[in-house]
>>> print(open('query_3.cif').read())   # mmCIF, C-alpha atoms (C1' of nucleotides)
data_final
#
loop_
_atom_site.group_PDB
_atom_site.id
_atom_site.type_symbol
_atom_site.label_atom_id
_atom_site.label_comp_id
_atom_site.auth_asym_id
_atom_site.auth_seq_id
_atom_site.Cartn_x
_atom_site.Cartn_y
_atom_site.Cartn_z
ATOM 1 C CA MET A 516 88.077 113.871 125.715
ATOM 2 C CA LYS A 517 87.874 112.527 122.175
ATOM 3 C CA PHE A 518 85.172 113.123 119.600
ATOM 4 C CA THR A 519 84.612 113.320 115.871
ATOM 5 C CA LEU A 520 83.044 116.302 114.163
ATOM 6 C CA VAL A 521 81.596 116.330 110.660
ATOM 7 C CA THR A 522 80.739 119.368 108.574
ATOM 8 C CA TRP A 523 78.496 118.774 105.578
ATOM 9 C CA ASN A 524 76.532 121.047 103.287
ATOM 10 C CA ILE A 525 73.598 118.726 102.886
ATOM 11 C CA ASN A 526 71.581 120.661 100.255
ATOM 12 C CA SER A 527 68.188 119.995 101.883
ATOM 13 C CA VAL A 528 68.146 117.977 105.078
ATOM 14 C CA ARG A 529 64.771 116.348 104.374
ATOM 15 C CA THR A 530 65.959 115.069 100.989
ATOM 16 C CA ARG A 531 69.106 113.591 102.520
ATOM 17 C CA LEU A 532 67.762 111.576 105.481
ATOM 18 C CA ASP A 533 68.837 108.234 104.009
ATOM 19 C CA ALA A 534 72.293 109.495 103.049
ATOM 20 C CA ILE A 535 72.835 110.921 106.520
ATOM 21 C CA ALA A 536 71.767 107.683 108.210
ATOM 22 C CA ARG A 537 74.119 105.747 105.937
ATOM 23 C CA PHE A 538 76.964 108.136 106.628
ATOM 24 C CA VAL A 539 76.763 108.143 110.427
ATOM 25 C CA ASP A 540 76.534 104.360 110.372
ATOM 26 C CA ALA A 541 79.681 104.038 108.261
ATOM 27 C CA TYR A 542 81.619 106.904 109.852
ATOM 28 C CA PRO A 543 81.163 107.235 113.603
ATOM 29 C CA THR A 544 80.081 110.845 114.095
ATOM 30 C CA ASP A 545 79.684 112.540 117.450
ATOM 31 C CA ILE A 546 78.853 116.039 116.247
ATOM 32 C CA LEU A 547 77.292 116.798 112.876
ATOM 33 C CA CYS A 548 77.249 120.355 111.546
ATOM 34 C CA LEU A 549 74.897 120.685 108.583
ATOM 35 C CA GLN A 550 74.449 123.608 106.195
ATOM 36 C CA GLU A 551 71.756 124.392 103.636
ATOM 37 C CA THR A 552 69.115 122.502 105.551
ATOM 38 C CA LYS A 553 66.442 124.393 103.527
ATOM 39 C CA CYS A 554 63.900 123.771 106.229
ATOM 40 C CA ASP A 555 62.126 126.031 108.713
ATOM 41 C CA ASN A 556 62.488 125.099 112.363
ATOM 42 C CA GLY A 557 58.974 123.669 112.668
ATOM 43 C CA ASN A 558 59.601 121.149 109.900
ATOM 44 C CA PHE A 559 63.050 119.972 110.955
ATOM 45 C CA PRO A 560 63.144 116.145 111.167
ATOM 46 C CA LEU A 561 64.088 116.031 114.850
ATOM 47 C CA GLU A 562 62.800 112.496 115.443
ATOM 48 C CA HIS A 563 64.872 111.075 112.603
ATOM 49 C CA PHE A 564 68.043 112.403 114.200
ATOM 50 C CA ARG A 565 67.047 111.416 117.731
ATOM 51 C CA SER A 566 66.525 107.873 116.494
ATOM 52 C CA LEU A 567 70.062 107.950 115.069
ATOM 53 C CA GLY A 568 71.366 108.877 118.514
ATOM 54 C CA PHE A 569 71.697 112.633 118.051
ATOM 55 C CA THR A 570 69.730 113.600 121.134
ATOM 56 C CA HIS A 571 71.205 117.097 121.410
ATOM 57 C CA ILE A 572 69.997 119.226 118.523
ATOM 58 C CA GLU A 573 70.247 122.942 117.844
ATOM 59 C CA ILE A 574 68.841 124.441 114.656
ATOM 60 C CA ASN A 575 68.699 127.789 112.912
ATOM 61 C CA GLY A 576 66.536 127.347 109.849
ATOM 62 C CA GLN A 577 64.299 129.225 107.475
ATOM 63 C CA LYS A 578 61.936 128.132 104.762
ATOM 64 C CA ALA A 579 63.415 126.901 101.449
ATOM 65 C CA TYR A 580 66.845 128.496 101.681
ATOM 66 C CA HIS A 581 70.032 128.426 103.752
ATOM 67 C CA GLY A 582 69.756 127.121 107.314
ATOM 68 C CA VAL A 583 72.230 125.408 109.645
ATOM 69 C CA ALA A 584 71.876 122.684 112.249
ATOM 70 C CA THR A 585 74.242 121.175 114.809
ATOM 71 C CA LEU A 586 73.373 117.653 115.953
ATOM 72 C CA SER A 587 75.269 115.903 118.697
ATOM 73 C CA ARG A 588 75.522 112.661 120.610
ATOM 74 C CA LEU A 589 77.379 114.598 123.317
ATOM 75 C CA PRO A 590 75.745 117.299 125.422
ATOM 76 C CA ILE A 591 75.908 120.734 123.810
ATOM 77 C CA GLU A 592 74.553 124.101 124.873
ATOM 78 C CA ARG A 593 73.295 126.657 122.401
ATOM 79 C CA VAL A 594 75.355 129.831 122.470
ATOM 80 C CA GLU A 595 73.845 132.093 119.825
ATOM 81 C CA THR A 596 72.963 132.732 116.219
ATOM 82 C CA ARG A 597 74.339 135.806 114.504
ATOM 83 C CA ASP A 598 73.170 137.696 111.447
ATOM 84 C CA PHE A 599 76.432 138.952 110.010
ATOM 85 C CA ASN A 600 75.190 141.044 107.110
ATOM 86 C CA GLY A 601 71.771 142.215 108.235
ATOM 87 C CA THR A 602 69.777 140.116 105.773
ATOM 88 C CA GLY A 603 68.005 138.077 108.443
ATOM 89 C CA GLN A 604 69.118 134.849 106.746
ATOM 90 C CA ALA A 605 69.873 131.717 108.793
ATOM 91 C CA ARG A 606 73.592 131.238 108.257
ATOM 92 C CA HIS A 607 75.226 130.796 111.646
ATOM 93 C CA LEU A 608 74.794 128.852 114.858
ATOM 94 C CA SER A 609 77.202 128.378 117.735
ATOM 95 C CA VAL A 610 77.099 125.801 120.511
ATOM 96 C CA ARG A 611 79.382 124.918 123.367
ATOM 97 C CA LEU A 612 80.472 121.358 123.922
ATOM 98 C CA ALA A 613 79.465 120.675 127.510
ATOM 99 C CA GLY A 614 81.207 118.416 129.983
ATOM 100 C CA ALA A 615 84.782 119.004 128.847
ATOM 101 C CA ALA A 616 87.259 119.905 131.541
ATOM 102 C CA GLY A 617 87.466 123.658 132.028
ATOM 103 C CA GLY A 618 84.500 124.308 129.716
ATOM 104 C CA GLY A 619 84.364 122.811 126.253
ATOM 105 C CA PRO A 620 85.155 124.562 122.984
ATOM 106 C CA VAL A 621 82.589 126.663 121.162
ATOM 107 C CA ILE A 622 81.656 125.222 117.776
ATOM 108 C CA HIS A 623 80.635 127.714 115.083
ATOM 109 C CA ASN A 624 78.627 126.383 112.160
ATOM 110 C CA PHE A 625 78.576 128.716 109.123
ATOM 111 C CA TYR A 626 76.938 128.957 105.743
ATOM 112 C CA VAL A 627 78.543 131.935 104.009
ATOM 113 C CA PRO A 628 76.537 133.417 101.091
ATOM 114 C CA ALA A 629 77.374 131.893 97.714
ATOM 115 C CA GLY A 630 77.521 135.320 96.066
ATOM 116 C CA GLY A 631 75.612 134.844 92.801
ATOM 117 C CA ASP A 632 77.140 134.618 89.360
ATOM 118 C CA VAL A 633 78.872 137.890 88.548
ATOM 119 C CA PRO A 634 81.894 138.901 90.653
ATOM 120 C CA ASP A 635 81.007 142.599 90.587
ATOM 121 C CA VAL A 636 79.520 144.420 93.576
ATOM 122 C CA GLU A 637 77.842 147.020 91.331
ATOM 123 C CA ALA A 638 76.189 144.565 88.983
ATOM 124 C CA ASN A 639 75.450 141.852 91.533
ATOM 125 C CA PRO A 640 74.058 142.646 95.000
ATOM 126 C CA LYS A 641 74.616 139.062 96.139
ATOM 127 C CA PHE A 642 78.341 139.414 95.581
ATOM 128 C CA ALA A 643 78.319 142.603 97.659
ATOM 129 C CA GLN A 644 76.399 140.768 100.408
ATOM 130 C CA LYS A 645 78.939 137.962 100.392
ATOM 131 C CA LEU A 646 81.856 140.369 100.782
ATOM 132 C CA ASP A 647 79.948 142.227 103.513
ATOM 133 C CA TYR A 648 79.336 138.950 105.296
ATOM 134 C CA LEU A 649 83.022 137.995 105.263
ATOM 135 C CA GLN A 650 84.017 141.449 106.466
ATOM 136 C CA ALA A 651 81.507 141.318 109.322
ATOM 137 C CA MET A 652 82.832 137.878 110.248
ATOM 138 C CA GLU A 653 86.328 139.347 110.343
ATOM 139 C CA ARG A 654 85.270 142.188 112.668
ATOM 140 C CA TRP A 655 83.519 139.696 114.937
ATOM 141 C CA SER A 656 86.453 137.274 114.867
ATOM 142 C CA ALA A 657 88.947 140.015 115.712
ATOM 143 C CA ARG A 658 86.911 140.863 118.837
ATOM 144 C CA GLN A 659 87.077 137.316 120.199
ATOM 145 C CA PRO A 660 89.012 137.337 123.459
ATOM 146 C CA GLY A 661 92.219 135.489 124.208
ATOM 147 C CA LYS A 662 93.664 134.648 120.805
ATOM 148 C CA LYS A 663 96.174 132.262 122.407
ATOM 149 C CA THR A 664 93.907 130.568 124.946
ATOM 150 C CA ASN A 665 90.481 130.692 123.275
ATOM 151 C CA GLN A 666 89.212 127.218 122.366
ATOM 152 C CA ALA A 667 86.963 127.435 119.344
ATOM 153 C CA ILE A 668 86.153 125.423 116.235
ATOM 154 C CA LEU A 669 84.784 127.105 113.116
ATOM 155 C CA VAL A 670 83.374 124.895 110.382
ATOM 156 C CA GLY A 671 81.058 125.095 107.457
ATOM 157 C CA ASP A 672 80.522 126.055 103.875
ATOM 158 C CA LEU A 673 82.568 129.244 103.626
ATOM 159 C CA ASN A 674 81.959 129.329 99.861
ATOM 160 C CA VAL A 675 85.503 130.444 99.094
ATOM 161 C CA ALA A 676 88.285 128.227 97.742
ATOM 162 C CA PRO A 677 91.386 130.128 98.878
ATOM 163 C CA LEU A 678 94.408 128.245 97.520
ATOM 164 C CA GLU A 679 95.331 127.603 93.910
ATOM 165 C CA THR A 680 95.113 123.901 94.728
ATOM 166 C CA ASP A 681 91.603 124.371 96.151
ATOM 167 C CA VAL A 682 90.153 124.562 92.628
ATOM 168 C CA TRP A 683 90.512 122.400 89.549
ATOM 169 C CA SER A 684 92.015 125.285 87.560
ATOM 170 C CA HIS A 685 93.291 128.418 89.261
ATOM 171 C CA ARG A 686 93.617 130.256 85.970
ATOM 172 C CA GLN A 687 90.145 129.395 84.745
ATOM 173 C CA LEU A 688 88.470 130.261 88.042
ATOM 174 C CA LEU A 689 90.119 133.611 88.753
ATOM 175 C CA ARG A 690 86.986 135.403 87.587
ATOM 176 C CA VAL A 691 84.530 132.806 88.889
ATOM 177 C CA VAL A 692 82.743 133.572 92.167
ATOM 178 C CA SER A 693 84.343 131.508 94.992
ATOM 179 C CA HIS A 694 87.929 131.935 93.804
ATOM 180 C CA THR A 695 88.258 135.633 92.869
ATOM 181 C CA PRO A 696 91.168 137.525 94.452
ATOM 182 C CA VAL A 697 88.868 139.821 96.450
ATOM 183 C CA GLU A 698 87.072 136.859 98.063
ATOM 184 C CA VAL A 699 90.332 135.049 98.770
ATOM 185 C CA GLU A 700 91.714 138.219 100.399
ATOM 186 C CA ARG A 701 88.607 138.612 102.568
ATOM 187 C CA LEU A 702 88.760 134.992 103.705
ATOM 188 C CA GLU A 703 92.462 135.257 104.486
ATOM 189 C CA ALA A 704 91.893 138.507 106.422
ATOM 190 C CA LEU A 705 89.206 136.699 108.414
ATOM 191 C CA ARG A 706 91.517 133.761 109.093
ATOM 192 C CA ARG A 707 94.360 136.022 110.201
ATOM 193 C CA SER A 708 92.113 138.104 112.466
ATOM 194 C CA HIS A 709 92.145 135.393 115.141
ATOM 195 C CA ASP A 710 95.029 133.247 113.860
ATOM 196 C CA TRP A 711 92.552 130.543 112.836
ATOM 197 C CA VAL A 712 94.290 127.322 111.777
ATOM 198 C CA ASP A 713 93.200 125.745 108.480
ATOM 199 C CA VAL A 714 92.979 122.166 109.780
ATOM 200 C CA MET A 715 92.406 120.596 106.376
ATOM 201 C CA ARG A 716 95.711 122.015 105.149
ATOM 202 C CA GLU A 717 97.502 121.000 108.346
ATOM 203 C CA HIS A 718 96.696 117.401 107.420
ATOM 204 C CA ILE A 719 96.796 117.527 103.622
ATOM 205 C CA PRO A 720 99.747 119.411 102.088
ATOM 206 C CA PRO A 721 98.832 122.688 100.328
ATOM 207 C CA GLU A 722 100.536 121.403 97.186
ATOM 208 C CA GLU A 723 97.875 118.698 96.817
ATOM 209 C CA LYS A 724 94.595 119.382 95.101
ATOM 210 C CA LEU A 725 91.766 119.157 97.615
ATOM 211 C CA PHE A 726 88.052 119.582 96.911
ATOM 212 C CA THR A 727 84.813 119.226 98.896
ATOM 213 C CA TRP A 728 82.300 120.195 96.210
ATOM 214 C CA TRP A 729 81.662 118.933 92.699
ATOM 215 C CA SER A 730 78.961 120.302 90.403
ATOM 216 C CA TYR A 731 75.874 118.244 89.696
ATOM 217 C CA ARG A 732 76.309 118.999 86.036
ATOM 218 C CA ALA A 733 79.358 116.912 85.300
ATOM 219 C CA ARG A 734 78.559 113.627 83.617
ATOM 220 C CA ASP A 735 81.221 111.896 85.699
ATOM 221 C CA TRP A 736 82.267 114.078 88.633
ATOM 222 C CA ARG A 737 85.279 111.958 89.521
ATOM 223 C CA LYS A 738 86.587 111.710 85.978
ATOM 224 C CA SER A 739 86.242 115.411 85.155
ATOM 225 C CA ASN A 740 87.185 116.298 88.767
ATOM 226 C CA ARG A 741 86.290 119.958 88.417
ATOM 227 C CA GLY A 742 85.926 120.468 92.128
ATOM 228 C CA ARG A 743 86.488 123.228 94.652
ATOM 229 C CA ARG A 744 87.330 123.286 98.373
ATOM 230 C CA LEU A 745 84.448 125.382 99.675
ATOM 231 C CA ASP A 746 83.985 123.664 103.044
ATOM 232 C CA HIS A 747 86.437 124.324 105.841
ATOM 233 C CA VAL A 748 87.532 123.291 109.316
ATOM 234 C CA TRP A 749 89.285 125.972 111.335
ATOM 235 C CA VAL A 750 90.409 125.930 114.940
ATOM 236 C CA THR A 751 92.001 128.479 117.253
ATOM 237 C CA PRO A 752 95.738 128.004 117.913
ATOM 238 C CA ALA A 753 94.922 126.488 121.323
ATOM 239 C CA LEU A 754 93.246 123.553 119.536
ATOM 240 C CA ARG A 755 95.769 123.055 116.731
ATOM 241 C CA LYS A 756 97.178 119.869 118.210
ATOM 242 C CA ALA A 757 93.763 118.664 119.352
ATOM 243 C CA ALA A 758 92.670 118.210 115.719
ATOM 244 C CA VAL A 759 94.321 114.818 115.347
ATOM 245 C CA SER A 760 92.832 113.508 112.109
ATOM 246 C CA LEU A 761 91.045 114.734 109.036
ATOM 247 C CA ARG A 762 89.266 113.056 106.175
ATOM 248 C CA VAL A 763 87.290 114.328 103.176
ATOM 249 C CA VAL A 764 84.792 111.533 102.603
ATOM 250 C CA ASP A 765 84.458 111.887 98.857
ATOM 251 C CA GLU A 766 82.972 108.420 98.305
ATOM 252 C CA VAL A 767 79.666 109.901 99.546
ATOM 253 C CA ARG A 768 79.443 111.893 96.299
ATOM 254 C CA ASP A 769 78.690 108.560 94.553
ATOM 255 C CA TRP A 770 75.823 107.559 96.828
ATOM 256 C CA THR A 771 72.185 107.673 95.752
ATOM 257 C CA ARG A 772 70.875 111.242 95.478
ATOM 258 C CA PRO A 773 73.983 112.880 96.906
ATOM 259 C CA SER A 774 74.511 116.441 98.000
ATOM 260 C CA ASP A 775 76.929 118.291 95.738
ATOM 261 C CA HIS A 776 79.148 118.779 98.829
ATOM 262 C CA VAL A 777 80.813 115.905 100.692
ATOM 263 C CA PRO A 778 81.326 115.510 104.447
ATOM 264 C CA VAL A 779 84.598 116.551 106.060
ATOM 265 C CA LEU A 780 85.353 114.511 109.168
ATOM 266 C CA THR A 781 87.746 115.743 111.860
ATOM 267 C CA GLY A 782 88.931 113.746 114.849
ATOM 268 C CA PHE A 783 89.577 115.703 118.049
ATOM 269 C CA ASP A 784 91.448 114.764 121.185
ATOM 270 C CA LEU A 785 91.209 117.625 123.661
ATOM 271 C CA ARG A 786 93.996 116.182 125.798
ATOM 272 C CA ARG A 787 96.464 116.903 122.998
ATOM 273 C CA ARG A 788 97.708 120.457 123.476
ATOM 274 C "C1'" DA B 513 81.590 124.487 78.023
ATOM 275 C "C1'" DT B 514 81.153 125.844 83.649
ATOM 276 C "C1'" DG B 515 76.831 124.778 83.206
ATOM 277 C "C1'" DG B 516 75.318 120.035 80.945
ATOM 278 C "C1'" DC B 517 71.796 119.237 87.155
ATOM 279 C "C1'" DT B 518 69.356 119.521 91.575
ATOM 280 C "C1'" DT B 519 66.467 121.627 95.029
ATOM 281 C "C1'" DA B 520 62.136 124.186 96.955
ATOM 282 C "C1'" DC B 521 57.796 125.839 96.057
ATOM 283 C "C1'" DA B 522 50.532 127.787 97.640
ATOM 284 C "C1'" DA B 523 53.402 123.220 91.693
ATOM 285 C "C1'" DA B 524 54.666 125.443 86.400
ATOM 286 C "C1'" DG B 525 58.100 127.688 85.678
ATOM 287 C "C1'" DT B 526 61.147 130.385 88.502
ATOM 288 C "C1'" DA B 527 64.999 131.192 91.657
ATOM 289 C "C1'" DA B 528 69.090 129.642 93.503
ATOM 290 C "C1'" DG B 529 73.163 127.084 94.045
ATOM 291 C "C1'" DA B 530 78.640 127.886 92.915
#
>>> encode(input="query_3.cif", output="structure tokens")
Amino acid sequence: MKFTLVTWNINSVRTRLDAIARFVDAYPTDILCLQETKCDNGNFPLEHFRSLGFTHIEINGQKAYHGVATLSRLPIERVETRDFNGTGQARHLSVRLAGAAGGGPVIHNFYVPAGGDVPDVEANPKFAQKLDYLQAMERWSARQPGKKTNQAILVGDLNVAPLETDVWSHRQLLRVVSHTPVEVERLEALRRSHDWVDVMREHIPPEEKLFTWWSYRARDWRKSNRGRRLDHVWVTPALRKAAVSLRVVDEVRDWTRPSDHVPVLTGFDLRRR
DNA sequence: ATGGCTTACAAAGTAAGA
């Protein structure tokens, strides 16, 4: 079974309907994992997505902030939503891809807290909440059964740029939330807890700069290129070879009224083991 | 000089993003 999966922090789903339609037309997308939908469940534009062919839709939204949605052309079954740090915010949704031989993989869609401005847990409660969230994810991940055989995909805006090449300047971002050593350590501990594979770095060498987010404030985002890799695609070891292609679709950042994040498209072939 | 912008909202200035 082959399919493509896109993760995209959309920064308001209702504001981005045209961009999404344009994207899925240009880049065949079977499963679309959106973050920051900023839309409560009653106002989610279901019909728009059904008309684009995404007839299987699972959402976990709240008014104005956060929110995730997983939209699929292929049958999916909702698994659960989890509240990892007890804030009640809509930041996670998991579904199972139905119809694959032996039960399809679970797909986790995450929006990890951004963490505010100041990288200090005393001065900034949002930073403390972010670290709590990552730690709770690690505890949950470590409990997942069958490290070697488990088939799972974890995508989303993890709001941490772990490698030196995941930011435009390692030195200048060491004290900037998203690239501080404590966040990088928490993300790496999470990754190690279930031997998650960083698919983006399997396909693009760690020596190469790689970003998925560029600030709205730059006059010319491509020229200044002060980006960060905040969005991630992870798989369990059992699916390492199944992730056959990967592309960061940065041209989308130039489209009309873009999100500040760009889509990351992964091709899967579940026969490849 | 990372915040110069962008978003949501019981609508003008706040809060938040990262």
>>> atom_distance(input="query_3.cif", atom1="atom CA of Arg743 of chain A", atom2="atom CA of Phe564 of chain A")
29.0 Å
>>> residues_around(input="query_3.cif", residues="DA513 of chain B", least_positions_apart="2", cutoff="12 Å", atoms="only C-alpha atoms (C1' of nucleotides)", output="JSON, numbers by chain")
{"A": [687, 732, 733], "B": [515, 516]}
>>> write_last_selection(input="query_3.cif", atoms="C-alpha atoms (C1' of nucleotides)", output="PDB file, keeping the file's coordinate frame")
ATOM      1  CA  GLN A 687      90.145 129.395  84.745  1.00  0.00           C
ATOM      2  CA  ARG A 732      76.309 118.999  86.036  1.00  0.00           C
ATOM      3  CA  ALA A 733      79.358 116.912  85.300  1.00  0.00           C
TER       4      ALA A 733
ATOM      5  C1'  DG B 515      76.831 124.778  83.206  1.00  0.00           C
ATOM      6  C1'  DG B 516      75.318 120.035  80.945  1.00  0.00           C
TER       7       DG B 516
END
>>> residues_around(input="query_3.cif", residues="Leu673 of chain A", least_positions_apart="3", cutoff="9 Å", atoms="all atoms listed in the file", output="number ranges by chain")
A: 625-629, 649, 670, 676, 702, 745-747
>>> residues_around(input="query_3.cif", residues="Leu725 of chain A", least_positions_apart="2", cutoff="7 Å", atoms="only C-alpha atoms (C1' of nucleotides)", output="short mmCIF file (atom, residue, chain, number, x, y, z; two decimals) with C-alpha atoms, in the coordinates of the input")
data_model
loop_
_atom_site.label_atom_id
_atom_site.label_comp_id
_atom_site.auth_asym_id
_atom_site.auth_seq_id
_atom_site.Cartn_x
_atom_site.Cartn_y
_atom_site.Cartn_z
CA THR A 680 95.11 123.90 94.73
CA ASP A 681 91.60 124.37 96.15
CA GLU A 723 97.88 118.70 96.82
CA ARG A 744 87.33 123.29 98.37
#
>>> interface_residues(input="query_3.cif", of="chain A", to="chain B", cutoff="8 Å", atoms="all atoms listed in the file", output="short mmCIF file (atom, residue, chain, number, x, y, z; two decimals) with C-alpha atoms, keeping the file's coordinate frame")
data_model
loop_
_atom_site.label_atom_id
_atom_site.label_comp_id
_atom_site.auth_asym_id
_atom_site.auth_seq_id
_atom_site.Cartn_x
_atom_site.Cartn_y
_atom_site.Cartn_z
CA ASN A 526 71.58 120.66 100.26
CA SER A 527 68.19 120.00 101.88
CA LYS A 553 66.44 124.39 103.53
CA ALA A 579 63.42 126.90 101.45
CA TYR A 580 66.84 128.50 101.68
CA ALA A 629 77.37 131.89 97.71
CA GLY A 631 75.61 134.84 92.80
CA ASP A 632 77.14 134.62 89.36
CA ASN A 674 81.96 129.33 99.86
CA VAL A 692 82.74 133.57 92.17
CA SER A 693 84.34 131.51 94.99
CA SER A 730 78.96 120.30 90.40
CA TYR A 731 75.87 118.24 89.70
CA ARG A 732 76.31 119.00 86.04
CA ALA A 733 79.36 116.91 85.30
CA ARG A 734 78.56 113.63 83.62
#
>>> atom_distance(input="query_3.cif", atom1="atom CA of Arg565 of chain A", atom2="atom CA of His623 of chain A")
21.4 Å
>>> residues_around(input="query_3.cif", residues="segment 784-788 of chain A", least_positions_apart="2", cutoff="6 Å", atoms="all atoms listed in the file", output="list in words")
Met516, Lys517, Lys756 and Ala757 of chain A
